[in-house]
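As C-alpha cells, the structure follows; a few thoughts come after it.
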Amino acid sequence: MQSRIARFLRLCVLLSLLVANALAQDTPIVSISPASGEVEEAVFTIEIDGLQPDTRYKIEILFEGEVVFSSEETSDQAGHIPYPISSTDGDAPGAYRLQVLLLGELIASGEFTLTEAAATPESGESLGNVTVSPETVPFGKTQKLRIAELKPRTPYTVELTARETLQVVYRRPHTSNRDGVIEIEIFAEEGDAAGLHSIAVYDDAGELIAAGILTILPRPERDVSVTITPRAVEAGATVEIAVGGLAAFDSVSAQITTADDVLIDTILARASSDGESILLFSSPAELANGLYDVDIFVEGDLLASATLHIGEVERAESNVSVVVDPPQGAIGTRHRVAVSGLAAEQTITLVILDPSGAEEYRAAMQADAAGAFSLTVSSTDEDDPGPYTIEIQTEDGGQLLANATFAVTAAQDEMEAPSAEPTTPAPDAVASIEPQAAVIGSSHLVTVRQLGANEKVAIDVVFAGASVYTTEKTADENGLVTLELVTGEGDQPGDYRVSILRASGNQPVVVLTAIAKPAPIQTSTTSAGAVVIRGSLDDGTAEIQFEGEAGQFALIRVASADFDPAASLIDREDRELAFNDDARGQIDAIIGPLSMPYSGEYRLAISAAPLMMPQGAESGDFTVTITPVQLRPISFDAELNFALSGDMPAQYYRLPVETGDSLGITADGRALDTLLQVVSPAGEEFAFDDDSGSGFDAELSNLIFDRAANYVLVVSTFDEGASGAGTVTVSRNPVHSLDDGGVTIALTDKAIRDLVVFDAAEDELLILNLEVIYGDVEDLYVTATIDGMEVMSYSTMGVPDELPLAFVTPMSGTVVVTLEKFGYDDGIALDVSLERP
C-alpha cells in the first residue's frame, strides 16, 4: 500500500528560515492546500508549523483507518516541515488523514480528499480539431500546432506532408494530455520544402481523426552583407565577422586570404533562423601587417567580401578635411558631416566607429566636381553615449585620408545627478540575510543599511575559522549595500559567518546556513526481467546506482516527458564507460547494448536540457529502464528474418567486424517503418538510419571500421508499438588494399566516406597519393590510423588535381586510411596509391 502515495522530490529552494520566534505556533498546525483533488492527478501542498526546531517526527497517511504511507522528517530551525505529495496510479477515491507523531504520540493532523477521475470518452466520441499559429511563417520560424478535442492520455501519430512534392516531412507519435490536447512546435530546416503542407492526425487503428494545413514561405532572396569588428587589429587578436541578409540555416564560410590569394584560414558556421551568422577569426600571431581579403561563401557561392586590416590603418598624405557640426550633442542630435579636399568625383569609403571602436556604418561616397560632399547623421536611443569617429578612407579601404570625432551625450533626463559628498559613517549599521538558510546551490541576499553615504566596507565570509570569500563594496547615497552570495557544489553544509568590516562604527555580522541537498526520491521495480527506476532531477542533475553482471549485455534507456535527457555510465573507478544524449532518432538517452565489464555496482549520471531550448533544465521526472539483452548471431550476405512487436520492439545481433571492413546493411520491413542502429563495443551509437532505403525502410551504406571488434546491430521500428516481420541483410564490401596496388574511391552524398588499408613497418616513410579522376568536393578529410591511433590527418577545401600526403608510421601494423567528404556537391572519384621511398 505504501507505493500508492508518492512523495515529490524536494526542490532546492527551501522556505526561508528567517522566521521570528515570536511567530512560532504554540500548538502544531497542519495546513493542506487544496482540500481535494482528482485521483492520479492531484497535487497537495502540506505545511506543518509550530514544531520543535531540529526534531525528528513521524508522518503517516491513513485511508479507511489503515496506514498507506509513512516517513520520518526533521523540522528546520523555525519548527517547520514542508510535505508536498501527489496522487499516483492505484490510489482509491475517498478521505485521507495525515498524522504527525512525536515519540509515538499524535500531536497534529489534517485531512484531504481524492475524488473520482473524469470519465474518458468512449471510442468514436472524440474528433480532433487542428489549429496552427501562425498559419503562415517565414522559412525557419516556429509554428505551433494545437490539436484539441482528442481522447485524454491517448497515443496519436501526427504527420505533415508537403503538398507539392508529396514528401512526408514530419511523422511522430504523440500522446494527448489530460485535456485531450497535443501541442507541437515545428520549423522548416534545410532540405524541407516550402509551400502548403497537409496535417494529418491518426489514431492507433490508423483512422484519420483530424486534419489541417500550414504554409511555409519560400526562403527569401539573399541580400548578403558583411561587417568586420573591429576592422583593424594587431596580429594575434580576434575579429568578429557578422554576416546578414542570409536565408535561414544557410551554410556560411569565411575565407581569409592575402592580396595574392594565399589562404590564411577558413571558418565555417550556419545562419540562424533570422538569416544572420557570426564568425570569429583569430589571426595568427605571426601574421604580417597589411590588408587581407575576407570572402563570404554561402552554400558554396561567393556572395560578399570585406577587407581586414592587420596593424594600424596607414594614413596617407592628403589635403582632405572633415568637419562635424555640432561636435557634441545629446542623443537625437543631427550632425552635419562636411568633407572637402578630394579629387573631382573621387569615390571614397566613409566609416563611422562607435565609442568601443566597433564599426557601426560603412558606405561608398562620391565627391562632387569641387571634390567635396556632405551628409547628415543622427543618433538614436539604441546608440551608446561617448565619442564617435568618422574616417575617410581610400576606395579600397587601404589608407586613411582624414578623420574627425563627435561626441554623443545622454539625453537630459538620463543625466546622473552629482554624487553627494561623503558623510561620516552612521554609528550603528544593520545587516540582514535573506534567506538565512537554504540548500547548497541557493542564492542569499546580504543587505547592509544605515551606512554612511558612499562609505566603503569589506565583507568577509568565514567557515570553520577560515576566510573563504572577501570583497569590497561602496554604499549608495542612502547608505545601502547589497551583495548576492551563491553557495556552490564545492561548499560544505554548515554555518558561514558573514562580517561587515568598517573603518569606524559597529561591525554587523549575519550567519548564512548552507544545507546539504536532499537526495532525489527514486523508486525501483522490475518488469519482464528489466529494472525500472523512476526519479527526479535535483538542480538539473541526478544519479542512480544499479547492479550489473559481468558479460551480460544490457540496454540502458533514460526517458522523460519533461526534458531532453543525457546520460553517462560510470564504473566503480569513477571512469565514464559510455555517454549518450539522443539515439535512434529520438531525444531519449540510450546506452548499449554493451557488455558489462564486471559484476557489481554502476552509476548512471543524468543531466538535462529542455526540449527545443538551449538552457539546462532544473527539474523534471525521468524513467531509467535497464534491460538484459540476448544477441543473435549474424550471417553476412544472407537474409536474416526478424519479427517485432510491442513486447519485443527490437532485435539485437552480434556484428563481428575486421580491420578495414566496409559494410552495407539494408532492411525490408514490408509494412514496418524500420530503423537501423549500429552500437560500438563501448555502448555508444556508431551509426543510425531511418528512411534512406526503399519507402520507409532504413539503409546504412559504406559503414567502415578501422579496427576489429564486436559491434551490435539493432533492428527496430519508428513506432515502437508496431508489430510485423521482415528481413535484414548485412553485406561485406571488398576491402581496398593498397598492398595490391592503387584503387579507385568514389565519394557521393550517399556514400560520404570510404577507406583503404595497407601494412606498414615502424618508422616507415610513406607517401599517399590522391589524384582526381573527376568531380570536386567542398571539403575532404583524410585520416590514417593504426589500431585506432591517428598517425596522420589532413583537410582541405576542394582537392587539387594531385595531392601527395607524406607521413611516418610510429608503429608497425595495418594502416587504415579514411577519406570523408563534407558538404553537398556532385561528389568525387579519386585514384589512391602508395609510395614507399
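By order of appearance in the C-alpha cells: chains A, B, ..., then residues from 1 within every chain, and ligands from 1 in the order shown.
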Backbone DSSP call of strand (DSSP E) for range 376-591 of chain A, listed as a PyMOL selection string: chain A and resi 376-378+386-393+399-409+430-434+437-439+443-449+456-463+466-474+481-486+494-501+509-515+523-527+530-536+541-548+553-559+564-570+576-580+589-591
Spatial neighbours of range 404-408 of chain A, 8 Å, only C-alpha atoms, chain gap at least 6 places, as a ChimeraX atom specification: /A:322-324,326-331,379,384-391
Surrounding residues of range 226-233 of chain A excluding itself and chain neighbours under 4 positions, 6 Å, only C-alpha atoms, as number ranges by chain: A: 239-243, 308-311, 358-359
With C-alpha atoms retained, export the selected residues as a tab-separated table (two decimals), in the first residue's frame.
chain	number	residue	atom	x	y	z
A	239	VAL	CA	37.78	39.89	-35.00
A	240	GLU	CA	34.07	39.29	-35.39
A	241	ILE	CA	32.72	38.73	-38.90
A	242	ALA	CA	28.96	39.43	-38.90
A	243	VAL	CA	27.08	38.26	-41.99
A	308	LEU	CA	40.56	43.21	-42.80
A	309	HIS	CA	43.44	45.37	-41.61
A	310	ILE	CA	46.22	43.75	-39.61
A	311	GLY	CA	48.12	46.52	-37.84
A	358	ALA	CA	33.49	48.82	-33.47
A	359	GLU	CA	32.39	49.63	-36.99
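Among the candidates A:Leu537, A:Ala829, A:Val339, A:Ala364, the one nearest to Phe622 in chain A when counting only C-alpha atoms is A:Leu537.
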Separation of CA of Ala638 in chain A from CA of Ile590 in chain A in Å: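 It comes out at 28.5 Å.
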Interatomic distance, CA of Thr474 in chain A to CA of Ile500 in chain A (Å, one decimal):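 A separation of 11.8 Å between them.
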Contact residues around Arg336 in chain A with only C-alpha atoms at 8 Å, ignoring same-chain residues under 2 positions, as a list of chain:residue names: A:Val324, A:Asp325, A:Pro326, A:Arg334, A:Ala338, A:Ser374, A:Leu375, A:Thr376, A:Val377
Which residue of A:Ala516, A:Ala578, A:Ile81, A:Val468 approaches Val498 in chain A most closely, using only C-alpha atoms: A:Val468
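Shortest atom-to-atom contact with Ser536 in chain A among A:Thr487, A:Ser568, A:Thr470, A:Thr623: A:Thr623, counting only C-alpha atoms.
Using only C-alpha atoms for every distance, the candidate list A:Thr625, A:Asn478, A:Ile591, A:Ile48 yields A:Ile48 as the residue closest to Pro82 in chain A.
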Shell of 6 Å around Leu770 in chain A, only C-alpha atoms, local chain residues under 2 positions omitted, as a ChimeraX atom specification: /A:802-803,831-832
Go ahead and dump the residues you just picked, N, CA and C atoms, as a PDB file, in the first residue's frame.
ATOM      1  N   GLU A 802      46.330  16.821 -58.040  1.00  0.00           N
ATOM      2  CA  GLU A 802      47.228  15.827 -57.468  1.00  0.00           C
ATOM      3  C   GLU A 802      47.589  16.256 -56.054  1.00  0.00           C
ATOM      4  N   LEU A 803      47.452  15.333 -55.110  1.00  0.00           N
ATOM      5  CA  LEU A 803      47.687  15.667 -53.702  1.00  0.00           C
ATOM      6  C   LEU A 803      48.529  14.567 -53.063  1.00  0.00           C
ATOM      7  N   ASP A 831      41.894   8.399 -57.615  1.00  0.00           N
ATOM      8  CA  ASP A 831      42.856   7.292 -57.659  1.00  0.00           C
ATOM      9  C   ASP A 831      43.735   7.421 -56.422  1.00  0.00           C
ATOM     10  N   VAL A 832      43.820   6.352 -55.644  1.00  0.00           N
ATOM     11  CA  VAL A 832      44.612   6.369 -54.414  1.00  0.00           C
ATOM     12  C   VAL A 832      45.719   5.332 -54.559  1.00  0.00           C
TER      13      VAL A 832
END
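The residue that comes closest to Glu771 in chain A, out of A:Ile606, A:Val320, A:Val757, A:Leu805 and on the basis of only C-alpha atoms, is A:Leu805.
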Determine, counting only C-alpha atoms, which protein, DNA and RNA residues have an atom within 9 Å of an atom of Leu676 in chain A; residues of the same chain fewer than 2 positions away are not included. Present the result as a tab-separated table (two decimals) with C-alpha atoms, in the first residue's frame.
chain	number	residue	atom	x	y	z
A	584	ARG	CA	17.80	6.10	-32.64
A	665	ILE	CA	23.10	-3.00	-44.20
A	666	THR	CA	19.58	-2.98	-45.66
A	667	ALA	CA	16.23	-3.69	-44.04
A	674	THR	CA	12.28	0.20	-39.92
A	678	VAL	CA	24.97	0.08	-35.01
A	687	ALA	CA	25.64	4.72	-36.95
A	688	PHE	CA	21.88	5.21	-37.34
A	689	ASP	CA	19.38	5.47	-40.18
A	690	ASP	CA	15.64	5.84	-40.57
A	697	ASP	CA	12.95	1.27	-44.71
A	698	ALA	CA	16.37	2.00	-43.27
A	699	GLU	CA	19.69	1.52	-45.05
A	700	LEU	CA	23.31	2.05	-43.97
A	713	LEU	CA	23.27	-4.29	-34.85
A	714	VAL	CA	19.83	-3.13	-33.65
A	715	VAL	CA	16.76	-3.55	-35.85
A	716	SER	CA	13.66	-1.69	-34.62
A	717	THR	CA	10.76	0.44	-35.87
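Straight-line separation from CA of Leu287 in chain A to CA of Glu312 in chain A: 13.4 Å.
Proximity to Val743 in chain A was assessed for A:Ser795, A:Asn769, A:Ser499, A:Ser645 counting only C-alpha atoms; the smallest distance is recorded for A:Asn769.
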